[in-house]
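As provided, work_12.json (JSON, C-alpha atoms) reads as follows.
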[["chain", "number", "residue", "atom", "x", "y", "z"],
["D", 1282, "ASN", "CA", -14.71, 41.42, -14.89],
["D", 1283, "GLU", "CA", -18.02, 41.22, -13.04],
["D", 1284, "LYS", "CA", -19.35, 38.76, -15.65],
["D", 1285, "LEU", "CA", -16.19, 36.67, -15.25],
["D", 1286, "VAL", "CA", -16.59, 36.54, -11.47],
["D", 1287, "ILE", "CA", -20.26, 35.56, -11.82],
["D", 1288, "CYS", "CA", -19.36, 32.80, -14.30],
["D", 1289, "GLN", "CA", -16.64, 31.51, -11.99],
["D", 1290, "ARG", "CA", -19.09, 31.39, -9.08],
["D", 1291, "ILE", "CA", -21.69, 29.58, -11.18],
["D", 1292, "PHE", "CA", -19.06, 27.07, -12.35],
["D", 1293, "LYS", "CA", -17.82, 26.53, -8.79],
["D", 1294, "HIS", "CA", -21.31, 25.88, -7.44],
["D", 1295, "SER", "CA", -22.22, 23.64, -10.39],
["D", 1296, "LYS", "CA", -19.15, 21.51, -9.63],
["D", 1297, "ILE", "CA", -20.19, 21.20, -6.00],
["D", 1298, "PHE", "CA", -23.70, 20.23, -7.11],
["D", 1299, "LEU", "CA", -22.35, 17.59, -9.49],
["D", 1300, "ALA", "CA", -20.04, 16.26, -6.79],
["D", 1301, "MET", "CA", -23.05, 15.80, -4.52],
["D", 1302, "LYS", "CA", -25.17, 14.23, -7.27],
["D", 1303, "ASN", "CA", -22.70, 12.00, -9.14],
["D", 1304, "ILE", "CA", -19.84, 9.78, -8.07],
["D", 1305, "PRO", "CA", -16.78, 10.69, -10.18],
["D", 1306, "VAL", "CA", -15.60, 8.12, -12.73],
["D", 1307, "ILE", "CA", -11.83, 8.10, -13.23],
["D", 1308, "SER", "CA", -9.85, 6.17, -15.85],
["D", 1309, "ILE", "CA", -6.11, 5.54, -15.69],
["D", 1310, "THR", "CA", -3.87, 3.80, -18.24],
["D", 1311, "LYS", "CA", -0.18, 3.23, -17.47],
["D", 1312, "LYS", "CA", 2.53, 0.83, -18.59],
["D", 1313, "THR", "CA", 3.51, -0.69, -15.24],
["D", 1314, "LEU", "CA", 1.82, -1.69, -12.02],
["D", 1315, "ALA", "CA", 3.65, 0.82, -9.81],
["D", 1316, "GLU", "CA", 2.95, 3.71, -12.19],
["D", 1317, "ALA", "CA", -0.73, 2.79, -12.48],
["D", 1318, "TYR", "CA", -1.16, 2.46, -8.72],
["D", 1319, "GLU", "CA", 0.39, 5.86, -8.08],
["D", 1320, "ALA", "CA", -1.56, 7.60, -10.84],
["D", 1321, "ALA", "CA", -4.84, 6.13, -9.60],
["D", 1322, "LEU", "CA", -4.22, 7.30, -6.02],
["D", 1323, "VAL", "CA", -3.21, 10.79, -7.11],
["D", 1324, "SER", "CA", -6.26, 11.10, -9.39],
["D", 1325, "LEU", "CA", -8.52, 9.88, -6.60],
["D", 1326, "TYR", "CA", -7.01, 12.42, -4.20],
["D", 1327, "GLU", "CA", -7.50, 15.26, -6.70],
["D", 1328, "GLN", "CA", -10.85, 14.30, -8.25],
["D", 1329, "GLY", "CA", -12.64, 12.07, -5.75],
["D", 1330, "THR", "CA", -15.71, 13.08, -3.80],
["D", 1331, "ARG", "CA", -16.28, 12.83, -0.03],
["D", 1332, "PHE", "CA", -18.32, 10.01, 1.47],
["D", 1333, "LYS", "CA", -19.33, 8.53, 4.78],
["D", 1334, "THR", "CA", -18.80, 4.79, 5.24],
["D", 1335, "GLN", "CA", -20.43, 2.19, 7.47],
["D", 1336, "TYR", "CA", -17.01, 1.54, 9.01],
["D", 1337, "ASP", "CA", -16.34, 5.10, 10.22],
["D", 1338, "LYS", "CA", -15.58, 5.68, 13.87],
["D", 1339, "PRO", "CA", -16.78, 8.85, 15.68],
["D", 1340, "GLY", "CA", -14.62, 11.77, 14.60],
["D", 1341, "ASP", "CA", -13.21, 10.10, 11.47],
["D", 1342, "PRO", "CA", -12.89, 12.47, 8.48],
["D", 1343, "LEU", "CA", -14.97, 11.70, 5.40],
["D", 1344, "SER", "CA", -13.44, 9.24, 2.94],
["D", 1345, "ILE", "CA", -12.38, 10.15, -0.59],
["D", 1346, "ASP", "CA", -14.23, 8.00, -3.13],
["D", 1347, "ALA", "CA", -14.68, 7.46, -6.86],
["D", 1348, "THR", "CA", -15.44, 4.76, -9.40],
["D", 1349, "MET", "CA", -12.03, 3.80, -10.79],
["D", 1350, "ASN", "CA", -10.89, 2.04, -13.95],
["D", 1351, "ILE", "CA", -7.17, 1.18, -14.07],
["D", 1352, "THR", "CA", -5.48, -0.38, -17.10],
["D", 1353, "ILE", "CA", -1.96, -1.78, -16.67],
["D", 1354, "LEU", "CA", -0.54, -2.42, -20.12],
["D", 1355, "GLU", "CA", 2.46, -4.55, -19.06],
["D", 1356, "PRO", "CA", 1.69, -6.06, -15.63],
["D", 1357, "GLU", "CA", 5.02, -7.93, -15.35],
["D", 1358, "THR", "CA", 7.24, -5.02, -16.43],
["D", 1359, "ASP", "CA", 9.20, -3.11, -13.79],
["D", 1360, "PRO", "CA", 8.78, -1.01, -11.79],
["D", 1361, "MET", "CA", 6.16, -3.31, -10.30],
["D", 1362, "ILE", "CA", 6.38, -2.45, -6.60],
["D", 1363, "HIS", "CA", 5.46, 0.97, -5.21],
["D", 1364, "GLN", "CA", 6.99, 1.86, -1.87],
["D", 1365, "ALA", "CA", 3.87, 3.71, -0.74],
["D", 1366, "PHE", "CA", 1.77, 0.78, 0.36],
["D", 1367, "PRO", "CA", 1.23, -0.37, 3.94],
["D", 1368, "GLY", "CA", 3.26, -3.56, 3.88],
["D", 1369, "GLY", "CA", 6.48, -5.19, 2.77],
["D", 1370, "ILE", "CA", 7.83, -8.01, 0.62],
["D", 1371, "ASP", "CA", 6.75, -10.70, 3.09],
["D", 1372, "GLU", "CA", 3.19, -9.35, 3.09],
["D", 1373, "LEU", "CA", 3.09, -9.47, -0.71],
["D", 1374, "LYS", "CA", 4.21, -13.10, -0.72],
["D", 1375, "GLU", "CA", 1.73, -14.01, 2.02],
["D", 1376, "TYR", "CA", -1.13, -12.50, 0.04],
["D", 1377, "VAL", "CA", -0.13, -14.43, -3.09],
["D", 1378, "LEU", "CA", -0.07, -17.67, -1.06],
["D", 1379, "GLU", "CA", -3.51, -16.76, 0.30],
["D", 1380, "LEU", "CA", -4.82, -16.33, -3.25],
["D", 1381, "LYS", "CA", -3.45, -19.78, -4.04],
["D", 1382, "GLY", "CA", -5.49, -21.36, -1.22],
["D", 1383, "HIS", "CA", -3.14, -21.62, 1.75],
["D", 1384, "LYS", "CA", -5.67, -19.99, 4.11],
["D", 1385, "ASP", "CA", -8.89, -21.51, 2.82],
["D", 1386, "HIS", "CA", -9.25, -23.45, 6.08],
["D", 1387, "TRP", "CA", -9.46, -20.18, 8.04],
["D", 1388, "VAL", "CA", -13.12, -19.72, 7.02],
["D", 1389, "LYS", "CA", -15.73, -19.77, 9.79],
["D", 1390, "ASN", "CA", -18.72, -22.00, 10.44],
["D", 1391, "MET", "CA", -21.51, -19.77, 9.16],
["D", 1392, "ASN", "CA", -24.09, -20.91, 11.73],
["D", 1393, "ASP", "CA", -21.78, -20.50, 14.72],
["D", 1394, "PRO", "CA", -22.11, -17.00, 16.22],
["D", 1395, "GLU", "CA", -19.00, -17.56, 18.35],
["D", 1396, "ASP", "CA", -16.80, -18.40, 15.35],
["D", 1397, "THR", "CA", -14.93, -15.19, 14.49],
["D", 1398, "ARG", "CA", -12.86, -16.51, 11.60],
["D", 1399, "TRP", "CA", -13.18, -15.13, 8.06],
["D", 1400, "GLU", "CA", -16.46, -15.13, 6.13],
["D", 1401, "TYR", "CA", -14.65, -16.30, 2.98],
["D", 1402, "THR", "CA", -11.38, -16.41, 1.10],
["D", 1403, "TYR", "CA", -11.12, -15.37, -2.53],
["D", 1404, "HIS", "CA", -9.51, -18.67, -3.48],
["D", 1405, "GLY", "CA", -12.25, -20.55, -1.68],
["D", 1406, "ARG", "CA", -14.95, -18.71, -3.59],
["D", 1407, "LEU", "CA", -13.15, -19.27, -6.90],
["D", 1408, "ALA", "CA", -12.13, -22.91, -6.47],
["D", 1409, "GLN", "CA", -15.05, -24.07, -4.28],
["D", 1410, "TYR", "CA", -17.87, -21.79, -5.38],
["D", 1411, "GLY", "CA", -21.33, -22.52, -3.98],
["D", 1412, "SER", "CA", -20.25, -24.13, -0.73],
["D", 1413, "TRP", "CA", -19.81, -22.94, 2.82],
["D", 1414, "GLN", "CA", -19.08, -24.48, 6.20],
["D", 1415, "GLU", "CA", -21.62, -25.09, 8.97],
["D", 1416, "LYS", "CA", -21.79, -27.11, 12.19],
["D", 1417, "ASP", "CA", -24.19, -30.04, 12.32],
["D", 1418, "GLU", "CA", -26.32, -31.02, 15.35],
["D", 1419, "PHE", "CA", -23.34, -32.82, 16.88],
["D", 1420, "GLY", "CA", -21.03, -29.78, 16.56],
["D", 1421, "ASP", "CA", -18.99, -31.20, 13.69],
["D", 1422, "SER", "CA", -18.12, -29.09, 10.63],
["D", 1423, "GLN", "CA", -19.78, -30.01, 7.35],
["D", 1424, "ILE", "CA", -19.77, -28.54, 3.84],
["D", 1425, "ILE", "CA", -23.14, -27.17, 2.72],
["D", 1426, "GLY", "CA", -24.30, -26.44, -0.82],
["D", 1427, "PHE", "CA", -22.62, -27.45, -4.06],
["D", 1428, "THR", "CA", -19.01, -27.01, -5.17],
["D", 1429, "ILE", "CA", -17.76, -25.72, -8.52],
["D", 1430, "ASP", "CA", -14.05, -25.34, -9.29],
["D", 1431, "GLN", "CA", -14.17, -22.21, -11.42],
["D", 1432, "VAL", "CA", -10.38, -22.03, -11.68],
["D", 1433, "ALA", "CA", -10.19, -25.42, -13.38],
["D", 1434, "SER", "CA", -13.14, -24.50, -15.63],
["D", 1435, "VAL", "CA", -11.53, -21.23, -16.76],
["D", 1436, "ILE", "CA", -8.28, -23.02, -17.58],
["D", 1437, "GLU", "CA", -10.21, -25.69, -19.50],
["D", 1438, "LYS", "CA", -12.10, -23.08, -21.52],
["D", 1439, "LEU", "CA", -8.94, -21.11, -22.39],
["D", 1440, "VAL", "CA", -7.14, -24.26, -23.48],
["D", 1441, "ALA", "CA", -10.06, -25.40, -25.66],
["D", 1442, "GLN", "CA", -10.72, -21.96, -27.16],
["D", 1443, "PRO", "CA", -8.28, -19.18, -26.16],
["D", 1444, "PHE", "CA", -10.48, -16.44, -27.67],
["D", 1445, "THR", "CA", -13.60, -17.48, -25.74],
["D", 1446, "ARG", "CA", -15.66, -14.79, -24.04],
["D", 1447, "GLN", "CA", -16.87, -17.25, -21.40],
["D", 1448, "ALA", "CA", -13.74, -17.68, -19.24],
["D", 1449, "GLN", "CA", -15.12, -16.02, -16.14],
["D", 1450, "MET", "CA", -15.12, -16.56, -12.37],
["D", 1451, "ILE", "CA", -17.36, -14.92, -9.77],
["D", 1452, "THR", "CA", -17.39, -14.74, -5.98],
["D", 1453, "TRP", "CA", -20.81, -13.31, -5.04],
["D", 1454, "MET", "CA", -23.20, -15.79, -3.38],
["D", 1455, "PRO", "CA", -26.47, -13.89, -2.69],
["D", 1456, "ASN", "CA", -27.77, -16.53, -0.28],
["D", 1457, "VAL", "CA", -24.80, -15.76, 1.98],
["D", 1458, "ASP", "CA", -23.40, -12.36, 1.05],
["D", 1459, "LEU", "CA", -26.55, -10.28, 1.36],
["D", 1460, "VAL", "CA", -26.61, -10.88, 5.11],
["D", 1461, "VAL", "CA", -22.99, -11.21, 6.27],
["D", 1462, "TYR", "CA", -21.07, -8.29, 7.79],
["D", 1463, "ASP", "CA", -18.08, -8.54, 5.47],
["D", 1464, "PRO", "CA", -19.02, -9.85, 1.99],
["D", 1465, "PRO", "CA", -16.36, -10.24, -0.75],
["D", 1466, "CYS", "CA", -14.98, -7.09, -2.33],
["D", 1467, "LEU", "CA", -13.75, -9.01, -5.39],
["D", 1468, "GLN", "CA", -16.67, -9.78, -7.68],
["D", 1469, "SER", "CA", -15.39, -11.27, -10.91],
["D", 1470, "LEU", "CA", -12.41, -12.17, -13.10],
["D", 1471, "TRP", "CA", -12.68, -12.44, -16.90],
["D", 1472, "TYR", "CA", -9.99, -13.81, -19.22],
["D", 1473, "ARG", "CA", -9.28, -13.88, -22.94],
["D", 1474, "ILE", "CA", -6.14, -14.75, -24.87],
["D", 1475, "MET", "CA", -4.98, -12.62, -27.79],
["D", 1476, "GLU", "CA", -2.62, -13.78, -30.54],
["D", 1477, "ASP", "CA", -0.29, -11.19, -32.05],
["D", 1478, "GLU", "CA", 1.18, -11.04, -35.57],
["D", 1479, "ASP", "CA", 4.10, -13.23, -34.50],
["D", 1480, "GLY", "CA", 1.81, -15.94, -33.11],
["D", 1481, "SER", "CA", 2.60, -15.14, -29.47],
["D", 1482, "LEU", "CA", -0.25, -15.60, -26.98],
["D", 1483, "TRP", "CA", -1.17, -12.86, -24.49],
["D", 1484, "LEU", "CA", -3.47, -13.36, -21.49],
["D", 1485, "ASN", "CA", -5.78, -10.38, -21.01],
["D", 1486, "CYS", "CA", -7.79, -10.03, -17.81],
["D", 1487, "ASN", "CA", -10.59, -7.86, -16.42],
["D", 1488, "ILE", "CA", -11.04, -7.78, -12.64],
["D", 1489, "ARG", "CA", -13.97, -6.09, -10.90],
["D", 1490, "PHE", "CA", -14.17, -5.08, -7.24],
["D", 1491, "ARG", "CA", -17.38, -3.67, -5.74],
["D", 1492, "SER", "CA", -15.28, -1.96, -3.04],
["D", 1493, "ASN", "CA", -11.52, -1.42, -3.00],
["D", 1494, "ASP", "CA", -9.52, 0.24, -0.23],
["D", 1495, "ALA", "CA", -7.20, 2.31, -2.41],
["D", 1496, "TRP", "CA", -4.64, 2.94, 0.33],
["D", 1497, "GLY", "CA", -4.92, -0.07, 2.61],
["D", 1498, "ALA", "CA", -5.40, -2.92, 0.11],
["D", 1499, "ASN", "CA", -5.41, -2.00, -3.59],
["D", 1500, "PHE", "CA", -1.70, -2.40, -4.33],
["D", 1501, "MET", "CA", -1.55, -5.78, -2.63],
["D", 1502, "ASN", "CA", -4.74, -6.83, -4.44],
["D", 1503, "MET", "CA", -3.35, -5.89, -7.85],
["D", 1504, "PHE", "CA", 0.10, -7.35, -7.23],
["D", 1505, "GLY", "CA", -1.47, -10.54, -5.89],
["D", 1506, "PHE", "CA", -3.70, -11.08, -8.89],
["D", 1507, "VAL", "CA", -0.87, -10.37, -11.33],
["D", 1508, "GLN", "CA", 0.96, -13.28, -9.65],
["D", 1509, "PHE", "CA", -2.22, -15.40, -9.53],
["D", 1510, "ASN", "CA", -2.76, -14.84, -13.24],
["D", 1511, "ARG", "CA", 0.84, -15.79, -13.97],
["D", 1512, "GLU", "CA", 1.28, -18.78, -11.64],
["D", 1513, "VAL", "CA", -2.21, -20.28, -11.60],
["D", 1514, "ILE", "CA", -3.80, -19.35, -14.95],
["D", 1515, "ALA", "CA", -1.15, -18.51, -17.56],
["D", 1516, "ASN", "CA", 1.38, -21.17, -16.60],
["D", 1517, "GLU", "CA", -1.21, -23.97, -16.52],
["D", 1518, "VAL", "CA", -2.82, -22.90, -19.81],
["D", 1519, "GLY", "CA", 0.64, -22.71, -21.35],
["D", 1520, "ASN", "CA", 1.57, -26.16, -20.04],
["D", 1521, "GLN", "CA", -1.55, -27.70, -21.55],
["D", 1522, "LEU", "CA", -1.17, -25.88, -24.87],
["D", 1523, "GLY", "CA", 2.57, -26.45, -25.03],
["D", 1524, "LYS", "CA", 3.09, -22.72, -25.63],
["D", 1525, "GLU", "CA", 4.33, -19.77, -23.60],
["D", 1526, "ILE", "CA", 1.58, -17.46, -22.40],
["D", 1527, "HIS", "CA", 2.63, -13.82, -22.01],
["D", 1528, "MET", "CA", 0.86, -11.36, -19.75],
["D", 1529, "GLY", "CA", -1.24, -8.86, -21.66],
["D", 1530, "ARG", "CA", -3.05, -5.93, -20.20],
["D", 1531, "LEU", "CA", -4.87, -6.07, -16.85],
["D", 1532, "ASN", "CA", -8.00, -3.94, -16.50],
["D", 1533, "TRP", "CA", -8.99, -3.25, -12.89],
["D", 1534, "HIS", "CA", -12.44, -1.81, -12.17],
["D", 1535, "ALA", "CA", -13.54, -0.70, -8.69],
["D", 1536, "ASP", "CA", -17.11, 0.53, -8.17],
["D", 1537, "SER", "CA", -15.98, 2.26, -4.97],
["D", 1538, "TYR", "CA", -12.26, 3.08, -4.96],
["D", 1539, "HIS", "CA", -11.63, 4.93, -1.72],
["D", 1540, "ILE", "CA", -9.18, 6.23, 0.85],
["D", 1541, "TYR", "CA", -10.66, 6.09, 4.33],
["D", 1542, "GLY", "CA", -10.65, 9.44, 6.07],
["D", 1543, "ARG", "CA", -8.42, 8.10, 8.84],
["D", 1544, "ASP", "CA", -5.75, 7.18, 6.23],
["D", 1545, "ILE", "CA", -5.63, 10.45, 4.27],
["D", 1546, "GLU", "CA", -2.85, 12.07, 6.29],
["D", 1547, "LYS", "CA", -0.75, 8.93, 6.12],
["D", 1548, "ALA", "CA", -1.22, 8.80, 2.34],
["D", 1549, "LYS", "CA", -0.20, 12.47, 2.09],
["D", 1550, "THR", "CA", 2.98, 11.84, 4.06],
["D", 1551, "MET", "CA", 3.99, 8.65, 2.28],
["D", 1552, "LEU", "CA", 2.95, 9.57, -1.26],
["D", 1553, "PHE", "CA", 1.22, 12.80, -2.20],
["D", 1554, "ASP", "CA", 3.73, 15.11, -0.50],
["D", 1555, "ARG", "CA", 6.70, 13.19, -1.92],
["D", 1556, "ILE", "CA", 5.86, 13.23, -5.62],
["D", 1557, "GLU", "CA", 7.40, 16.66, -6.23],
["D", 1558, "THR", "CA", 10.61, 15.88, -4.34],
["D", 1559, "LYS", "CA", 11.28, 12.21, -5.20],
["D", 1560, "THR", "CA", 11.85, 10.61, -8.59],
["D", 1561, "LEU", "CA", 9.82, 7.65, -9.81],
["D", 1562, "GLU", "CA", 12.86, 5.43, -9.21],
["D", 1563, "GLU", "CA", 12.98, 6.62, -5.59],
["D", 1564, "ARG", "CA", 9.26, 5.95, -5.10],
["D", 1565, "THR", "CA", 9.25, 2.44, -6.59],
["D", 1566, "MET", "CA", 11.15, -0.87, -6.59],
["D", 1567, "GLU", "CA", 11.89, -3.40, -9.31],
["D", 1568, "PHE", "CA", 10.33, -6.74, -8.47],
["D", 1569, "ASN", "CA", 12.72, -8.53, -10.83],
["D", 1570, "ASN", "CA", 15.73, -7.07, -9.04],
["D", 1571, "GLU", "CA", 17.80, -10.06, -7.87],
["D", 1572, "PHE", "CA", 17.82, -8.93, -4.22],
["D", 1573, "ILE", "CA", 14.06, -8.19, -4.07],
["D", 1574, "ARG", "CA", 13.17, -11.42, -5.86],
["D", 1575, "GLU", "CA", 15.33, -13.42, -3.48],
["D", 1576, "MET", "CA", 13.60, -11.79, -0.49],
["D", 1577, "TYR", "CA", 10.22, -12.61, -2.03],
["D", 1578, "ASP", "CA", 11.06, -16.26, -2.76],
["D", 1579, "ASP", "CA", 12.71, -16.83, 0.63],
["D", 1580, "ALA", "CA", 9.61, -15.51, 2.40],
["D", 1581, "GLU", "CA", 7.51, -18.53, 1.42],
["D", 1582, "SER", "CA", 8.97, -20.94, 3.97],
["D", 1583, "ARG", "CA", 8.61, -18.37, 6.77],
["D", 1584, "ILE", "CA", 4.99, -17.68, 5.87],
["D", 1585, "LEU", "CA", 4.02, -21.35, 5.61],
["D", 1586, "LYS", "CA", 5.54, -21.88, 9.05],
["D", 1587, "LYS", "CA", 3.62, -18.86, 10.35],
["D", 1588, "ILE", "CA", 0.35, -20.31, 9.00],
["D", 1589, "GLU", "CA", 1.13, -23.68, 10.57],
["D", 1590, "GLU", "CA", 1.87, -22.08, 13.95],
["D", 1591, "HIS", "CA", -1.37, -20.09, 13.74],
["D", 1592, "ASP", "CA", -3.30, -23.29, 13.05],
["D", 1593, "GLN", "CA", -1.72, -25.04, 16.02],
["D", 1594, "SER", "CA", -2.47, -22.18, 18.41],
["D", 1595, "HIS", "CA", -6.08, -21.87, 17.23]]
Would you mind writing the structure in this file as structure tokens?
Amino acid sequence: NEKLVICQRIFKHSKIFLAMKNIPVISITKKTLAEAYEAALVSLYEQGTRFKTQYDKPGDPLSIDATMNITILEPETDPMIHQAFPGGIDELKEYVLELKGHKDHWVKNMNDPEDTRWEYTYHGRLAQYGSWQEKDEFGDSQIIGFTIDQVASVIEKLVAQPFTRQAQMITWMPNVDLVVYDPPCLQSLWYRIMEDEDGSLWLNCNIRFRSNDAWGANFMNMFGFVQFNREVIANEVGNQLGKEIHMGRLNWHADSYHIYGRDIEKAKTMLFDRIETKTLEERTMEFNNEFIREMYDDAESRILKKIEEHDQSH
């Protein structure tokens, strides 16, 4: 018994040492988006290590952090929507519209210290890579740098050679992002199309984030890029090939997948404490449910009006 106690103590202290030395690496594979999101959060909560962040306020608890790899085998299969995310159907639609470029004009003049608009948009970095906005000597906005439409290039590559390994987009611009306060979390998207034994085509995608707020942003990020891949990439490739493109697996990699310390109690209340008492059906929603889909589609006009009103008031 004494030897057992000693071994347990050694094991306990070795785990603490490893937790201090190495960031945990967690891998999750699930069929649907909602299942994968929940499993990743639970695994992070149980296996993640504790970290400070540069965004902590005095008195904030330490964050929970890990390197996370999430594979969603059937991204368009229900249940797609998990109820434990800080938002609603309108917010999901607004984020998808943002990824399609409807807020690209909200980016700041980079040489104007009084301009508090966004440093970037993901769509802007993907469709207008290499350029940014500055004010000239007369105070007028001008585009600096070069511009590459990576979205069009990826579609062109996939149409010409679906099995290419070169269909990639990136966001990181070192000349800008090494010095700004809020550089892009999304780093890259990589695509390849598989053909099954029946001749059907399946779009596979790898997405890498350097930093991903697991509670505050990850679900919306994943849902948004599932829709981006469908509406912007797969549909256009399919139109040009004259074939239907199905959605194959989505692999999501986050170097830092974290729950901020200030959000841990909220995540416990909305998710972790409910898993034992609520069924999966009670914790999720079907995106392809007629009522939910109608809410989602109807939200577009409201959101476009909201963006227009914001533009007018600013």
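The smallest atom-to-atom distance between Lys1587 of chain D and any of D:Val1460, D:Ala1495, D:His1383, D:Glu1571, using only C-alpha atoms, is found for D:His1383.
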Which residue of D:Tyr1538, D:Trp1496, D:Tyr1472, D:Tyr1318 approaches Ala1515 of chain D most closely, using all atoms listed in the file: D:Tyr1472
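Of the listed residues D:Ala1347, D:Ile1370, D:Ala1535, D:Ala1448, the one whose atoms come nearest to Asn1499 of chain D is D:Ala1535, with distances taken using all atoms listed in the file.
Using only C-alpha atoms, the residues found no farther than 7 Å from Met1349 of chain D, other than those of its own chain fewer than 4 positions away, are D:Val1306, D:Ile1307, D:Ser1308, D:His1534, D:Ala1535, D:Asp1536, D:Tyr1538.
The gap separating atom CA of Gly1411 of chain D from atom CA of Asn1502 of chain D is 22.8 Å, in Å to one decimal.
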Closest-contact table, segment 1291-1397 of chain D side, partner segment 1525-1530 of chain D, 7 Å, counting all atoms listed in the file, as a tab-separated table:
residue	atom	partner	partner_atom	distance
D:Thr1352	CA	D:Arg1530	CA	6.8
D:Ile1353	CA	D:Arg1530	CA	5.6
D:Leu1354	CA	D:Arg1530	CA	4.3
D:Glu1355	CA	D:Arg1530	CA	5.8
D:Pro1356	CA	D:Arg1530	CA	6.6
D:Glu1357	CA	D:Met1528	CA	7.0
Which protein, DNA or RNA residues have an atom at most 12 Å from (10.9, -10.8, -1.0), counting all atoms listed in the file? List them as number ranges by chain. D: 1362, 1368-1375, 1377, 1566-1584
Measure the distance from atom CA of Thr1313 of chain D to atom CA of Phe1509 of chain D in Å and round it to one decimal. 16.8 Å
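Closest to Tyr1336 of chain D among D:Ile1474, D:Ile1424, D:Asp1494, D:Val1507 is D:Asp1494, based on all atoms listed in the file.
Between atom CA of Asp1337 of chain D and atom CA of Ser1537 of chain D the interatomic distance comes to 15.5 Å.
Neighbouring residues of Tyr1541 of chain D at 7 Å or closer, counting only C-alpha atoms and skipping chain neighbours under 4 positions away, are Ser1344, Ile1345 and Ile1545 of chain D.
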Output C-alpha atoms for every residue in the selection just made, as a PDB file, in the coordinates of the input.
ATOM      1  CA  SER D1344     -13.440   9.240   2.940  1.00  0.00           C
ATOM      2  CA  ILE D1345     -12.380  10.150  -0.590  1.00  0.00           C
ATOM      3  CA  ILE D1545      -5.630  10.450   4.270  1.00  0.00           C
TER       4      ILE D1545
END
Nearby residues (only C-alpha atoms) at most 8 Å from Asn1487 of chain D, same-chain spacing under 6 positions excluded, as JSON, numbers by chain: {"D": [1470, 1471, 1472, 1531, 1532, 1533, 1534]}
